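Input: a single structure, listed below in structure tokens.
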Amino acid sequence: MHELSIVADLFTIIEERAKQARASRVTKVRVMVGELSGVVPELFRSAFHSYKKGTIADRARLEMKIVKIKFKCQNCGREITAKNFRDESFSYSCPFCRSKDMELISGRDLYLERLEIETAGQ
């Protein structure tokens with residue numbers, strides 16, 4: 001389960017940013033998880049909830065936004081959001097011009113998008 005090591009790295013970032021902002025508590029963590037990131041959302045959520053115990057984010061809510069796979073056709077310039085990419089009938093060709101010269105422009109993402117914090121005065 002590599003999700004635990006990813007969450008450990010995430011908490012390094014969370015703690016650094018919370019310290020920079022002089023936060024007393026982190027209340028919400030929002031991450032973007034691409035469909036091709038290799039992260040299993042359920043395992044990530046479980047690892048997050050296990051790891052947060054005893055940290056500045058011990059009562060934080062986790063929000064995950066799944067980032068769809070999106071391609072850009074290098075031939076006609078259109079952007080295509082992949083549907084049913086795990087289906088055996090899925091094609092990596094442009095549905096408009098049939099070119100196979102496609103560039104993956106999103107879907108491998110995995111990053112911290114937002115932190116919500118409280119400071120000592122709140």
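Residues are named by chain letter and number: chains run A, B, ... in the order of the structure tokens, numbers start at 1 in each chain, and ligands are numbered from 1 in the order shown.
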
Proximity of stretch 36-58 of chain A to stretch 6-10 of chain A: per-residue shortest pair, 8 Å limit, only C-alpha atoms, as JSON lines:
```
{"residue": "A:Phe44", "atom": "CA", "partner": "A:Val7", "partner_atom": "CA", "distance": 7.2}
{"residue": "A:Ala47", "atom": "CA", "partner": "A:Val7", "partner_atom": "CA", "distance": 6.6}
{"residue": "A:Phe48", "atom": "CA", "partner": "A:Val7", "partner_atom": "CA", "distance": 6.0}
{"residue": "A:Tyr51", "atom": "CA", "partner": "A:Ala8", "partner_atom": "CA", "distance": 7.3}
```

Expected file: the selected residues, N, CA and C atoms, as a PDB file, in the first residue's frame:
```pdb
ATOM      1  N   PHE A  44      -6.252   5.573   0.134  1.00  0.00           N
ATOM      2  CA  PHE A  44      -5.718   6.881   0.479  1.00  0.00           C
ATOM      3  C   PHE A  44      -6.492   7.470   1.652  1.00  0.00           C
ATOM      4  N   ALA A  47      -5.603   5.599   4.830  1.00  0.00           N
ATOM      5  CA  ALA A  47      -4.262   5.964   5.286  1.00  0.00           C
ATOM      6  C   ALA A  47      -4.268   7.360   5.903  1.00  0.00           C
ATOM      7  N   PHE A  48      -5.006   8.284   5.289  1.00  0.00           N
ATOM      8  CA  PHE A  48      -5.095   9.650   5.806  1.00  0.00           C
ATOM      9  C   PHE A  48      -5.671   9.643   7.221  1.00  0.00           C
ATOM     10  N   TYR A  51      -3.184   8.181   9.681  1.00  0.00           N
ATOM     11  CA  TYR A  51      -1.980   8.984   9.864  1.00  0.00           C
ATOM     12  C   TYR A  51      -2.242  10.282  10.629  1.00  0.00           C
TER      13      TYR A  51
END
```

Just list as an MDAnalysis selection string whatever in stretch 2-74 of chain A DSSP marks as helix (DSSP H, G or I).
chainID A and resid 3:20 41:51

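Within 12 Å of A:Lys65, once only C-alpha atoms are used and residues closer than 3 positions along the same chain are dropped, the contacting residues are Val29, Arg30, Val31, Met32, Val33, Gly34, Glu35, Pro41, Arg45, Leu62, Lys68, Gly107, Asp109, Leu110, Tyr111, Leu112, Glu113 and Arg114 of chain A.
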
Between atom CA of A:Cys94 and atom CA of A:Val67 - distance in Å to one decimal:
19.8 Å

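The smallest atom-to-atom distance between A:Pro95 and any of A:Leu115, A:Cys73, A:Ala23, A:Met64, using only C-alpha atoms, is found for A:Cys73.
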
Residue with smallest distance to A:Glu16 - pool A:Val40, A:Leu4, A:Ile56, A:Leu104, counting only C-alpha atoms
A:Ile56

One decimal, in Å: what's the spacing between atom CA of A:Arg61 and atom CA of A:Lys28?
4.6 Å

Can you check which residues of chain A DSSP gives as strand (DSSP E) on the backbone and send them as a PyMOL selection string?
chain A and resi 23-34+61-67+70-73+79-81+102-106+110-119

Identify, on the basis of only C-alpha atoms, every residue whose closest approach to A:Lys70 does not exceed 7 Å; exclude the query and any residue fewer than 5 positions from it along the same chain; express the result as a ChimeraX atom specification.
/A:79-82,104-107

Got time to write the residues from that selection, N, CA and C atoms, as a CSV table (one decimal), in the first residue's frame?
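This is the output file out.csv:
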```csv
chain,number,residue,atom,x,y,z
A,79,GLU,N,-9.7,18.9,-27.2
A,79,GLU,CA,-9.5,18.3,-25.9
A,79,GLU,C,-10.6,17.3,-25.7
A,80,ILE,N,-10.3,16.1,-25.3
A,80,ILE,CA,-11.2,15.0,-25.1
A,80,ILE,C,-11.1,14.4,-23.7
A,81,THR,N,-12.2,14.4,-23.0
A,81,THR,CA,-12.2,13.7,-21.6
A,81,THR,C,-12.5,12.3,-21.8
A,82,ALA,N,-11.7,11.4,-21.3
A,82,ALA,CA,-11.8,10.0,-21.5
A,82,ALA,C,-13.0,9.5,-20.7
A,104,LEU,N,-1.6,13.3,-23.3
A,104,LEU,CA,-2.3,13.2,-22.0
A,104,LEU,C,-2.1,14.6,-21.3
A,105,ILE,N,-3.1,15.3,-21.0
A,105,ILE,CA,-3.0,16.6,-20.3
A,105,ILE,C,-3.5,16.7,-18.9
A,106,SER,N,-4.2,15.7,-18.5
A,106,SER,CA,-4.6,15.6,-17.1
A,106,SER,C,-5.0,14.1,-16.8
A,107,GLY,N,-5.0,13.8,-15.5
A,107,GLY,CA,-5.4,12.5,-15.0
A,107,GLY,C,-4.3,11.8,-14.3
```
